[in-house]
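Asks: Input: one structure, supplied below.
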Amino acid sequence: MDQIFAILNATVSEAIAPATAGVAIAVIGLNLHFGFTGLLNIGQAGFMLLGAYGMAISVVQGVPMFFAVLIGLGLAILFATILGAPTLKLRGDYLAIVTISAAEIIRYVGRLAQFEKCEWSWCKKGTDFTGGSQGITSSTFTTPFKSISFFGDGAWTLSPFNYTSLGGSTAVRVLGLLVFLALVVGTVFFVRARRAAAARSWTDRLVVAVLVVLSVATLLFVFPQTMSRTQTDGWWVRAVAWTLVAVSTIVVLLLVRSPWGRLLRGIREDEEAMRSLGKNVFAVKMQALIIGGLFGALGGMVYVLASSVQADSLGRQITFFAYTALLIGGAASIFGPVLGTVIFYSARILIREAARTYVPNSILSDNQAQAFSFVVVGVILMLIVIFRPQGILGNKRELRFHV
Amino acid sequence: MIPLARSATSWRPTTYAGLLAALLAMVGLVLASLVSILSVTTTRADAVATLCLPQPNVSGCISGTVGNRTTPVEGADVSLLDKDGTEIDKITTEADGKFSFEVKEAGAYYLRVDPESLPDDLEIIPPAAKFQGPDGSIKVNAKLGKLTSPALEVRNKDYQSGGKGFGSEIVQSIAQGLRLGLLLALASIGLSLIYGTTGLSNFAHAEQVTLGGMMGYLFCNVLGLNLWLGVVIVTLVCAGSGFLQDMVIWKPLRRRGLGLTQMMIVTIGLSLAAQYCFQMFVGASQQKVVVENLDVFTLGPITLTKLSLVAMAISLVAVGLVGYVLIYTRVGQATRAVSDNPALAAASGIDVDRIVRGVWTVAAGLAGLGGILYALVVSNGIRWDTGMQILLLLFAAVTLGGLGTAFGAFVGAIIIGLVVELAGPLGAPGDLKYAVALAILILLLLVRPQGLLGRAVRVG
Amino acid sequence: MSESATITSGGGLADPAARRSLMADVDRTPGSAKPDAILSVDTITRQFGGVTAVNVEHLEVQRGIITALIGPNGAGKTTFFNLITGFDKPTSAGKGARWSFNGKELGRTSASSVAKSGMVRTFQLTKSLNRMTVMDNMMLGAQGQSGERLTASMFRPLWRGQEGQVSEKALGLLERFKLLEKKDDYAGSLSGGQRKLLEMARALMTDPTMIMLDEPMAGVNPALTQSLLGHVQSLRDDGMTVLFVEHDMHVVRHISDWVVVMAEGRVVAEGPADTVMSDPAVVDAYLGAHHDTDLGDDALLEDDSLEREAAAEEHQREEEGQ
């Protein structure tokens with residue numbers, strides 16, 4: 001039983017990690033590209049890396065945090081414009097090839113030993129620039145970020161009221177786990193029932209929100225997480241990260257429910273029809289590419305806050321993970337990207353830890369268990385696209401007509 | 001069109017049965033050998049690293065080659081100095097140019113090659129500033145349990161003057177570029193054919209290349225087969241994997257009417273799964289297909305291993321064969337017809353599914369052949385992500401030549417090969433040579449979106 | 001010109017006699033001048049490889065009436081549509097090609113600006129936005145929506161009022177086109193004919209001065225054809241100019257006030273429907289297979305001969321495809 005709790009605890013811990021939040025924001029951007037506009041951007045990791053470099057390098061060079069973030073976002077706008085200008089008038093494949101290539105170029109350049117240290121007159125000589133293949137460690141650029149924390153020092157446990165408060169017996173935890181499962185199942189059934197009724201009111205939404213909050217609270221009751229308040233990889237990073245996830249979700253919600261969002265979906269369906277209706281397709285696609293890219297850059301900044309800006313950690317794989325997460329959650333849905341990312345990251349850890357714990361080392365070594373979890377990811381991606389293309393939250397009715 | 005159709009559908013059931021039997025045999029072979037890899041991997045590790053074995057928390061290794069694989073330097077005196085500059089150990093390289101030291105403590109060491117021991121016209125290429133040690137030595141950071149391989153490459157002394165040395169380096173790079181280009185062509189033609197006939201951008205194509213290398217490692221290294229017999233078997237096995245893939249995955253998906261974008265994402269999933277399958281079975285380290293054969297061939301400034309020449313010849317023959325089939329045979333014409341307009345081809349009696357099946361088979365076979373040759377002569381072995389590293393070069397080649405045109409893919413591959421190899425001597429450091437190839441691709445799309453050989457098509 | 005001034009002021013052309021008298025004096029020669037041309041085209045050529053798909057020296061389209069553009073397959077009708085609506089660029093661009101719409105030069109205008117200037121087209125293969133509702137399809141047609149600007153889109157109060165007006169207009173048009181009860185269905189779930197209707201209604205959302213229909217009747221069942229014809233005619237009666245491509249001679253004869261015939265990329269004849277169909281040049285170019293028949297002959301329009309013709313056409317299309 002303790003083994004199971006240890007595995008589940010690792011899973012929960014991964015689910016709320018800042019890296020997960022970072023990827024979730026990037027996936028929200030990708031959803032705007034791919035889900036709503038139909039832009040095949042397979043270089044979202046490039047946007048993330050640019051945002052991360054932009055912020056980290058600026059901070060190291062002494063730029064205030066706020067402006068450093070703006071510089072990171074500015075780089076993403078520049079990147080999107082450069083990539084979009086030649087390709088957005090061409091067939092979708094070209095954007096795909098160009099974005100993935102450009103993302104790789106950024107990674108290669110970031111890894112260059114020539115850029116490892118600042119050796120020029122316009123920056124502080126001898127400081128880290130890109131840090132080469134080692135990257136920029138978080139301690140060199142997160143000080144200003146930590147200094148604005150109002151969380152105080154020491155460690156803290158979420159939730160403060162947890163199974164240990166009720167004696168800490170295994171029975172309490174199992175019971176809590178069962179309550180959690182019941183809540184999840186309940187939510188699913190409620191949402192399904194309301195969807196079938198096709199009438200959605202504010203009270204329905206409120207009920208779903210309460211159910212979701214209760215589920216999360218129960219989960220944290222069974223698996224309380226203890227970490228430092230402000231220090232690296234502590235609660236401060238998590239709070240900021242998940243707040244940004246919420247803000248991003250709301251922004252996208254407002255955008256896609258507007259006439260502008262309608263333009264995006266129109267372009268996804270048929271560009272020529274949109275042009276025949278007097279819409280400037282190129283401009284709207286460019287706007288979408290830039291906005292989604294901004295989310296990518298923001299996600300990149302969040303992703304590196306608790307680790308380091310290392311070119312290889314934001315390579316193609318992250319883009320592929322982002323697509324998997326998006327499709328699990330449901331493309332062109334509002335909450336799909338967040339749900340998909342959380343499920344994706346926690347499921348991978350669950351598989352890996354379970355394989356490490358229960359499969360003897362002679363069959364799967366630790367490294368092989370890691371590789372195995374990626375194999376499962378790949379297979380899941382294939383199966384979802386084939387058998388449940390709408391993901392968890394996507395609209396099945398909408399997908400029935402592809403032509 | 002009509003006689004064409006007849007030829008495309010003239011495969012008898014017996015042909016199919018034979019093919020199927022062969023395939024089943026292959027699959028059995030693959031499974032059996034995978035099991036044998038599993039049992040062998042542990043012992044192999046010792047066999048590859050012959051001179052020094054790092055042990056966690058006990059010892060680390062510093063080893064490498066003076067010169068490079070194709071032109072190792074014999075008789076060079078390599079000294080290992082500790083961080084105070086005291087000599088700890090000294091080795092004189094043999095014909096393979098190899099040196100290897102075992103250290104018991106992690107930390108900084110210096111390697112120094114005695115200039116007197118090198119041939120008169122050669123010098124060690126100075127490393128980047130941060131690796132420069134005293135007296136022309138090279139700084140090495142050794143870690144326990146790790147193998148550190150510093151680069152001790154040599155160059156002609158008149159390199160700086162830019163005269164003959166630079167010129168001959170360019171010529172050498174062109175030769176290497178052609179070699180890389182020809183090997184890339186093997187894979188990119190298949191990629192282009194698949195795109196042409198099905199409209200699918202196959203992101204898992206690079207894993208077919210890796211598969212070729214892996215199978216090469218399996219047959220030639222683990223099972224000890226003759227290299228050339230191995231190449232043939234690998235090509236067949238990989239072709240079989242393409243056939244199977246189309247049968248199990250792609251045809252049913254086409255039947256389901258899955259959109260091309262969705263299919264593309266399926267290939268991304270397949271690529272991920274395949275890569276980590278390789279990693280699971282073979283591990284994360286580089287594996288050699290055969291113990292290297294360093295016989296070199298020299299023509300003026302060009303020095304290539306003889307193996308490279310053979311690989312280039314094989315590639316040329318294979319590409320020529322595909323070209324011949326596409327242009328002069330009925331099956332080839334049918335393939336081009338499907339590329340042009342699948343609906344029309346189907347309406348004129350061509351069995352599109354069968355043509356596509358054939359294309360998958362040939363494409364996977366070519367990629368596998370490319371993979372084993374690439375592992376032999378370019379990348380010095382095969383790793384789980386070898387294919388992934390060249391995937392973008394393949395896409396660049398295909399796009400450069402014009403999406404979906406087989407001949408264009410060939411031309412594109414040669415250009416990309418040349419660009420990648422020439423970028424180094426022309427000033428692009430390290431991995432940036434790949435970036436240069438991709439940057440050229442982006443620039444070209446700005447000017448000529450249909451690629452070099454593609455045609456502008458009618459809108460609407 | 002005085003005559004045209006009176007005509008353009010309102011729906012004066014709803015009366016067939018007025019239209020006949022308007023066009024009575026117009027030359028029946030290719031490229032003839034019209035009393036009040038809304039669209040005028042000069043030296044437009046388009047080549048694909050070595051093949052010349054379109055080569056039009058001069059063409060004018062009269063304001064306020066229905067003009068039909070007919071011609072055999074491969075005559076370049078759709079390519080011509082693409083060229084003047086900005087979906088394709090003429091090979092002769094910069095070499096004398098010029099065309100103007102409503103007094104505005106369109107030579108360097110993108111497809112979206114052409115639509116904004118009031119010339120809206122539909123497509124031969126209907127382009128309904130399948131995974132969007134019928135209502136959303138309609139809403140996209142409206143011009144000048146402030147909520148379509150990225151900066152304003154996030155603030156609902158800035159566009160809520162306009163959204164209401166647009167949706168009212170959309171509902172009105174949907175009702176007119178008998179699509180009202182489908183408004184919340186996905187466009188992809190409509191029948192072929194309903195999609196044609198939707199596309200036409202959506203085009204009307206842009207408040208066009210001229211509407212260009214590319215084979216509006218193709219693939220529509222006979223029951224719907226009649227109502228579609230009615231809609232086209234009512235557009236004209238509302239004062240719009242209509243240019244449409246059609247294969248069905250019966251339809252052409254029935255509703256068009258003027259017919260332009262294209263063959264091998266060129267305009268070979270112009271005139272009212274009944275006269276142009278007996279023009280030997282047209283017969284020669286248009287239906288080689290029916291060389292000895294008069295195109296205006298109603299017998300030709302009876303069902304079985306139509307079927308035969310359709311079959312012949314199908315056959316021809318396949319051959320051309322290769």
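Each chain of the structure tokens is named A, B, ... in the order shown, its residues numbered from 1; ligands are numbered from 1 in display order.
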Give me, as a Markdown table, each residue of chain A that comes within 6 Å of chain C, together with its shortest interatomic pair and the distance in Å at one decimal, counting only C-alpha atoms, with rows ordered by chain and rising residue number.
Replies:
| residue | atom | partner | partner_atom | distance |
| --- | --- | --- | --- | --- |
| A:Leu254 | CA | C:Met154 | CA | 5.3 |
| A:Leu255 | CA | C:Met154 | CA | 5.4 |
| A:Ser258 | CA | C:Ser153 | CA | 5.6 |
| A:Pro259 | CA | C:Glu148 | CA | 5.0 |
| A:Trp260 | CA | C:Glu148 | CA | 4.1 |
| A:Glu269 | CA | C:Leu129 | CA | 5.2 |
| A:Ala273 | CA | C:Lys127 | CA | 5.8 |
| A:Arg275 | CA | C:Ser112 | CA | 4.6 |
| A:Ser276 | CA | C:Ala115 | CA | 5.9 |
| A:Leu277 | CA | C:Gly141 | CA | 5.6 |
| A:Gly278 | CA | C:Ser112 | CA | 3.8 |
| A:Lys279 | CA | C:Ser112 | CA | 5.3 |
| A:Asn280 | CA | C:Ser112 | CA | 5.8 |
| A:Glu398 | CA | C:Arg131 | CA | 5.3 |
| A:Phe401 | CA | C:Gly188 | CA | 5.6 |
Asks: Go ahead and dump the residues you just picked, N, CA, C and O atoms, as a PDB file, in the first residue's frame.
Replies:
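again31.pdb written:
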ATOM      1  N   LEU A 254     -12.106  34.603 -23.773  1.00  0.00           N
ATOM      2  CA  LEU A 254     -12.667  35.856 -24.274  1.00  0.00           C
ATOM      3  C   LEU A 254     -12.398  36.018 -25.768  1.00  0.00           C
ATOM      4  O   LEU A 254     -13.260  36.461 -26.526  1.00  0.00           O
ATOM      5  N   LEU A 255     -11.187  35.630 -26.184  1.00  0.00           N
ATOM      6  CA  LEU A 255     -10.818  35.812 -27.594  1.00  0.00           C
ATOM      7  C   LEU A 255     -11.656  34.953 -28.524  1.00  0.00           C
ATOM      8  O   LEU A 255     -12.182  35.433 -29.523  1.00  0.00           O
ATOM      9  N   SER A 258     -15.411  35.660 -29.281  1.00  0.00           N
ATOM     10  CA  SER A 258     -15.696  36.958 -29.905  1.00  0.00           C
ATOM     11  C   SER A 258     -15.790  36.784 -31.418  1.00  0.00           C
ATOM     12  O   SER A 258     -15.476  35.726 -31.948  1.00  0.00           O
ATOM     13  N   PRO A 259     -16.241  37.799 -32.128  1.00  0.00           N
ATOM     14  CA  PRO A 259     -16.240  37.717 -33.589  1.00  0.00           C
ATOM     15  C   PRO A 259     -14.851  37.411 -34.148  1.00  0.00           C
ATOM     16  O   PRO A 259     -14.732  36.745 -35.176  1.00  0.00           O
ATOM     17  N   TRP A 260     -13.812  37.871 -33.458  1.00  0.00           N
ATOM     18  CA  TRP A 260     -12.450  37.558 -33.918  1.00  0.00           C
ATOM     19  C   TRP A 260     -12.214  36.048 -33.860  1.00  0.00           C
ATOM     20  O   TRP A 260     -11.635  35.458 -34.765  1.00  0.00           O
ATOM     21  N   GLU A 269     -11.681  26.355 -41.272  1.00  0.00           N
ATOM     22  CA  GLU A 269     -12.556  25.575 -42.152  1.00  0.00           C
ATOM     23  C   GLU A 269     -12.231  25.797 -43.619  1.00  0.00           C
ATOM     24  O   GLU A 269     -12.112  24.847 -44.375  1.00  0.00           O
ATOM     25  N   ALA A 273     -13.053  30.625 -48.767  1.00  0.00           N
ATOM     26  CA  ALA A 273     -14.383  31.142 -48.489  1.00  0.00           C
ATOM     27  C   ALA A 273     -14.272  32.433 -47.690  1.00  0.00           C
ATOM     28  O   ALA A 273     -14.994  33.400 -47.946  1.00  0.00           O
ATOM     29  N   ARG A 275     -11.832  34.556 -47.720  1.00  0.00           N
ATOM     30  CA  ARG A 275     -11.379  35.654 -48.581  1.00  0.00           C
ATOM     31  C   ARG A 275     -12.522  36.154 -49.448  1.00  0.00           C
ATOM     32  O   ARG A 275     -12.645  37.349 -49.711  1.00  0.00           O
ATOM     33  N   SER A 276     -13.370  35.213 -49.878  1.00  0.00           N
ATOM     34  CA  SER A 276     -14.494  35.635 -50.723  1.00  0.00           C
ATOM     35  C   SER A 276     -15.484  36.468 -49.924  1.00  0.00           C
ATOM     36  O   SER A 276     -16.339  37.145 -50.498  1.00  0.00           O
ATOM     37  N   LEU A 277     -15.378  36.429 -48.589  1.00  0.00           N
ATOM     38  CA  LEU A 277     -16.275  37.244 -47.772  1.00  0.00           C
ATOM     39  C   LEU A 277     -15.595  38.534 -47.322  1.00  0.00           C
ATOM     40  O   LEU A 277     -16.060  39.225 -46.423  1.00  0.00           O
ATOM     41  N   GLY A 278     -14.454  38.835 -47.944  1.00  0.00           N
ATOM     42  CA  GLY A 278     -13.808  40.111 -47.666  1.00  0.00           C
ATOM     43  C   GLY A 278     -12.986  40.133 -46.397  1.00  0.00           C
ATOM     44  O   GLY A 278     -12.740  41.194 -45.838  1.00  0.00           O
ATOM     45  N   LYS A 279     -12.577  38.939 -45.906  1.00  0.00           N
ATOM     46  CA  LYS A 279     -11.766  38.922 -44.694  1.00  0.00           C
ATOM     47  C   LYS A 279     -10.288  38.874 -45.066  1.00  0.00           C
ATOM     48  O   LYS A 279      -9.900  38.123 -45.963  1.00  0.00           O
ATOM     49  N   ASN A 280      -9.486  39.618 -44.359  1.00  0.00           N
ATOM     50  CA  ASN A 280      -8.047  39.593 -44.595  1.00  0.00           C
ATOM     51  C   ASN A 280      -7.446  38.395 -43.865  1.00  0.00           C
ATOM     52  O   ASN A 280      -7.019  38.481 -42.718  1.00  0.00           O
ATOM     53  N   GLU A 398     -18.811  18.297 -33.590  1.00  0.00           N
ATOM     54  CA  GLU A 398     -18.092  19.188 -34.484  1.00  0.00           C
ATOM     55  C   GLU A 398     -17.158  18.401 -35.398  1.00  0.00           C
ATOM     56  O   GLU A 398     -16.871  18.813 -36.509  1.00  0.00           O
ATOM     57  N   PHE A 401     -17.867  16.174 -39.245  1.00  0.00           N
ATOM     58  CA  PHE A 401     -17.771  16.617 -40.627  1.00  0.00           C
ATOM     59  C   PHE A 401     -16.357  17.063 -40.933  1.00  0.00           C
ATOM     60  O   PHE A 401     -16.009  18.187 -40.651  1.00  0.00           O
TER      61      PHE A 401
END
Asks: Could you give me, as a ChimeraX atom specification, each residue of region 79-180 of chain B that DSSP assigns to strand (DSSP E or B) when run on this structure's backbone?
Replies: /B:79-81,87-92,98-103,107-113,122-124,132,138-142,147-148,152,154-156
Asks: Next, write the just-selected residues to a file, as a CSV table (one decimal), in the first residue's frame, keeping N, CA, C and O atoms as the atom set.
Replies:
chain,number,residue,atom,x,y,z
B,79,SER,N,50.2,12.9,-23.6
B,79,SER,CA,50.4,12.9,-22.2
B,79,SER,C,49.2,13.4,-21.4
B,79,SER,O,48.5,14.3,-21.9
B,80,LEU,N,49.0,12.8,-20.3
B,80,LEU,CA,47.9,13.2,-19.4
B,80,LEU,C,48.6,14.0,-18.2
B,80,LEU,O,49.5,13.4,-17.5
B,81,LEU,N,48.2,15.2,-18.0
B,81,LEU,CA,48.8,16.0,-16.9
B,81,LEU,C,47.7,16.3,-15.9
B,81,LEU,O,46.5,16.4,-16.2
B,87,GLU,N,53.0,15.5,-15.3
B,87,GLU,CA,52.6,14.4,-16.2
B,87,GLU,C,52.2,13.2,-15.4
B,87,GLU,O,53.0,12.8,-14.4
B,88,ILE,N,51.1,12.6,-15.6
B,88,ILE,CA,50.7,11.4,-14.9
B,88,ILE,C,50.9,10.1,-15.7
B,88,ILE,O,51.3,9.1,-15.2
B,89,ASP,N,50.6,10.3,-17.0
B,89,ASP,CA,50.7,9.1,-17.9
B,89,ASP,C,51.0,9.5,-19.3
B,89,ASP,O,50.8,10.7,-19.6
B,90,LYS,N,51.4,8.6,-20.1
B,90,LYS,CA,51.8,8.9,-21.5
B,90,LYS,C,51.5,7.7,-22.4
B,90,LYS,O,51.8,6.6,-22.0
B,91,ILE,N,51.0,8.0,-23.5
B,91,ILE,CA,50.7,6.9,-24.5
B,91,ILE,C,51.1,7.3,-25.8
B,91,ILE,O,51.0,8.4,-26.2
B,92,THR,N,51.7,6.3,-26.6
B,92,THR,CA,52.0,6.6,-28.0
B,92,THR,C,50.9,5.9,-28.8
B,92,THR,O,50.7,4.7,-28.6
B,98,LYS,N,44.3,5.7,-31.4
B,98,LYS,CA,43.5,5.8,-30.2
B,98,LYS,C,44.4,6.0,-28.9
B,98,LYS,O,45.5,5.5,-28.9
B,99,PHE,N,43.8,6.7,-28.0
B,99,PHE,CA,44.5,6.8,-26.7
B,99,PHE,C,43.4,6.6,-25.6
B,99,PHE,O,42.2,6.9,-25.9
B,100,SER,N,43.8,6.2,-24.4
B,100,SER,CA,42.9,6.0,-23.3
B,100,SER,C,43.5,6.1,-22.0
B,100,SER,O,44.6,5.5,-21.8
B,101,PHE,N,43.0,6.9,-21.1
B,101,PHE,CA,43.6,7.0,-19.7
B,101,PHE,C,42.5,6.7,-18.7
B,101,PHE,O,41.3,7.1,-18.9
B,102,GLU,N,42.9,6.0,-17.6
B,102,GLU,CA,41.9,5.9,-16.5
B,102,GLU,C,42.3,6.8,-15.4
B,102,GLU,O,43.5,7.0,-15.1
B,103,VAL,N,41.3,7.5,-14.8
B,103,VAL,CA,41.6,8.4,-13.7
B,103,VAL,C,40.8,8.0,-12.5
B,103,VAL,O,39.7,7.5,-12.7
B,107,GLY,N,37.7,15.8,-11.9
B,107,GLY,CA,38.2,17.1,-11.8
B,107,GLY,C,39.0,17.4,-13.1
B,107,GLY,O,38.8,16.7,-14.2
B,108,ALA,N,39.7,18.5,-13.1
B,108,ALA,CA,40.4,19.0,-14.3
B,108,ALA,C,41.7,18.3,-14.6
B,108,ALA,O,42.5,18.0,-13.7
B,109,TYR,N,41.9,17.9,-15.8
B,109,TYR,CA,43.1,17.3,-16.3
B,109,TYR,C,43.5,18.0,-17.6
B,109,TYR,O,42.7,18.7,-18.2
B,110,TYR,N,44.8,17.8,-18.0
B,110,TYR,CA,45.2,18.4,-19.2
B,110,TYR,C,45.8,17.3,-20.1
B,110,TYR,O,46.4,16.4,-19.7
B,111,LEU,N,45.4,17.4,-21.4
B,111,LEU,CA,46.0,16.5,-22.4
B,111,LEU,C,47.0,17.2,-23.3
B,111,LEU,O,46.6,18.3,-23.7
B,112,ARG,N,48.1,16.7,-23.5
B,112,ARG,CA,49.1,17.4,-24.4
B,112,ARG,C,49.6,16.4,-25.4
B,112,ARG,O,50.0,15.3,-25.1
B,113,VAL,N,49.6,16.8,-26.6
B,113,VAL,CA,50.2,16.0,-27.7
B,113,VAL,C,51.6,16.6,-28.0
B,113,VAL,O,51.6,17.8,-28.4
B,122,LEU,N,51.5,18.5,-39.9
B,122,LEU,CA,50.2,18.5,-39.1
B,122,LEU,C,50.4,19.2,-37.8
B,122,LEU,O,51.5,19.2,-37.2
B,123,GLU,N,49.3,19.8,-37.3
B,123,GLU,CA,49.3,20.3,-35.9
B,123,GLU,C,47.9,20.0,-35.3
B,123,GLU,O,46.9,19.8,-36.0
B,124,ILE,N,47.8,20.0,-34.0
B,124,ILE,CA,46.6,19.8,-33.3
B,124,ILE,C,45.7,21.1,-33.4
B,124,ILE,O,46.2,22.2,-33.3
B,132,GLN,N,41.4,25.7,-23.4
B,132,GLN,CA,42.8,25.8,-23.6
B,132,GLN,C,43.6,25.7,-22.3
B,132,GLN,O,43.3,26.5,-21.4
B,138,ILE,N,45.1,20.7,-23.7
B,138,ILE,CA,43.7,20.8,-23.8
B,138,ILE,C,43.1,20.4,-22.4
B,138,ILE,O,43.5,19.3,-21.9
B,139,LYS,N,42.2,21.2,-21.9
B,139,LYS,CA,41.7,20.9,-20.6
B,139,LYS,C,40.5,19.9,-20.7
B,139,LYS,O,39.7,20.0,-21.6
B,140,VAL,N,40.5,19.0,-19.8
B,140,VAL,CA,39.5,18.0,-19.8
B,140,VAL,C,38.9,17.9,-18.4
B,140,VAL,O,39.6,17.9,-17.4
B,141,ASN,N,37.6,17.9,-18.3
B,141,ASN,CA,36.9,17.7,-17.0
B,141,ASN,C,36.4,16.3,-16.9
B,141,ASN,O,35.5,15.9,-17.5
B,142,ALA,N,37.2,15.5,-16.1
B,142,ALA,CA,36.8,14.1,-16.0
B,142,ALA,C,35.8,13.9,-14.9
B,142,ALA,O,35.8,14.6,-13.9
B,147,LEU,N,32.8,8.5,-19.3
B,147,LEU,CA,33.9,8.5,-20.3
B,147,LEU,C,33.9,9.8,-21.0
B,147,LEU,O,32.9,10.3,-21.5
B,148,THR,N,35.0,10.5,-20.9
B,148,THR,CA,35.2,11.8,-21.5
B,148,THR,C,36.0,11.7,-22.8
B,148,THR,O,37.0,11.0,-22.8
B,152,LEU,N,40.9,15.7,-30.3
B,152,LEU,CA,42.3,16.0,-30.6
B,152,LEU,C,42.5,15.9,-32.1
B,152,LEU,O,43.1,15.0,-32.6
B,154,VAL,N,43.5,17.0,-36.0
B,154,VAL,CA,44.7,17.7,-36.5
B,154,VAL,C,44.3,18.4,-37.8
B,154,VAL,O,43.2,18.2,-38.4
B,155,ARG,N,45.2,19.4,-38.2
B,155,ARG,CA,44.9,20.0,-39.5
B,155,ARG,C,46.3,20.4,-40.0
B,155,ARG,O,47.3,20.3,-39.4
B,156,ASN,N,46.3,20.7,-41.3
B,156,ASN,CA,47.6,21.1,-41.9
B,156,ASN,C,48.0,22.4,-41.3
B,156,ASN,O,47.3,23.3,-40.9
Asks: Could you name the residues that touch Arg205 (chain A) at 12 Å or less, counting only C-alpha atoms, but leaving out those on the same chain fewer than 5 positions away, as a list of chain:residue names?
Replies: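 Here the answer would be A:Thr187, A:Phe190, A:Val191, A:Arg194, A:Arg195, A:Ala199, A:Arg200, A:Val210, A:Leu211, A:Val212.
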Asks: Write out as a ChimeraX atom specification every residue belonging to chain A that has an atom at most 7 Å from any atom of chain B, counting only C-alpha atoms.
Replies: /A:86,98,101,105,108-109,368,371-372,374-376,378-379,381-382,385
Asks: Could the residues in this selection be saved with N, CA and C atoms as a JSON list (two decimals), in the first residue's frame?
Replies:
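Saved file result-v9.json follows:
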[["chain", "number", "residue", "atom", "x", "y", "z"],
["A", 86, "PRO", "N", 6.62, 34.71, -44.69],
["A", 86, "PRO", "CA", 6.76, 33.97, -45.94],
["A", 86, "PRO", "C", 5.79, 32.80, -46.08],
["A", 98, "VAL", "N", 8.69, 25.03, -41.67],
["A", 98, "VAL", "CA", 9.46, 26.21, -41.30],
["A", 98, "VAL", "C", 9.50, 26.40, -39.78],
["A", 101, "SER", "N", 11.81, 23.80, -38.23],
["A", 101, "SER", "CA", 13.20, 24.10, -38.57],
["A", 101, "SER", "C", 13.71, 25.28, -37.76],
["A", 105, "ILE", "N", 16.80, 25.68, -35.17],
["A", 105, "ILE", "CA", 17.90, 26.63, -35.35],
["A", 105, "ILE", "C", 18.16, 27.34, -34.02],
["A", 108, "TYR", "N", 20.01, 25.02, -31.73],
["A", 108, "TYR", "CA", 21.42, 24.87, -32.12],
["A", 108, "TYR", "C", 22.22, 26.10, -31.73],
["A", 109, "VAL", "N", 21.66, 27.27, -32.02],
["A", 109, "VAL", "CA", 22.37, 28.52, -31.71],
["A", 109, "VAL", "C", 22.54, 28.66, -30.20],
["A", 368, "GLN", "N", 15.19, 2.03, -18.74],
["A", 368, "GLN", "CA", 14.24, 1.44, -19.67],
["A", 368, "GLN", "C", 12.81, 1.78, -19.29],
["A", 371, "ALA", "N", 12.19, 5.08, -20.75],
["A", 371, "ALA", "CA", 11.94, 4.96, -22.18],
["A", 371, "ALA", "C", 10.55, 4.37, -22.42],
["A", 372, "PHE", "N", 10.20, 3.39, -21.59],
["A", 372, "PHE", "CA", 8.90, 2.74, -21.75],
["A", 372, "PHE", "C", 7.77, 3.75, -21.61],
["A", 374, "PHE", "N", 7.80, 6.79, -22.41],
["A", 374, "PHE", "CA", 7.69, 7.56, -23.65],
["A", 374, "PHE", "C", 7.03, 6.75, -24.77],
["A", 375, "VAL", "N", 7.34, 5.45, -24.78],
["A", 375, "VAL", "CA", 6.71, 4.60, -25.79],
["A", 375, "VAL", "C", 5.19, 4.65, -25.60],
["A", 376, "VAL", "N", 4.78, 4.56, -24.33],
["A", 376, "VAL", "CA", 3.35, 4.61, -24.05],
["A", 376, "VAL", "C", 2.77, 5.94, -24.53],
["A", 378, "GLY", "N", 3.77, 7.82, -26.98],
["A", 378, "GLY", "CA", 3.64, 7.79, -28.43],
["A", 378, "GLY", "C", 2.43, 6.98, -28.86],
["A", 379, "VAL", "N", 2.27, 5.80, -28.25],
["A", 379, "VAL", "CA", 1.15, 4.94, -28.62],
["A", 379, "VAL", "C", -0.18, 5.62, -28.27],
["A", 381, "LEU", "N", -0.78, 8.80, -28.12],
["A", 381, "LEU", "CA", -1.02, 9.86, -29.10],
["A", 381, "LEU", "C", -1.67, 9.28, -30.35],
["A", 382, "MET", "N", -1.12, 8.16, -30.83],
["A", 382, "MET", "CA", -1.68, 7.55, -32.04],
["A", 382, "MET", "C", -3.12, 7.12, -31.81],
["A", 385, "VAL", "N", -5.68, 10.04, -31.59],
["A", 385, "VAL", "CA", -6.00, 10.66, -32.87],
["A", 385, "VAL", "C", -6.92, 9.75, -33.68]]
Asks: Which chain C residues are at most 10 Å from chain B (counting only C-alpha atoms), as number ranges by chain?
Replies: C: 47-49, 78-79, 82, 87-89, 123-125, 318, 321-322
Asks: Would you work out the distance separating CA of Trp258 (chain C) from CA of Ala97 (chain C), expressed in Å to one decimal?
Replies: 24.3 Å
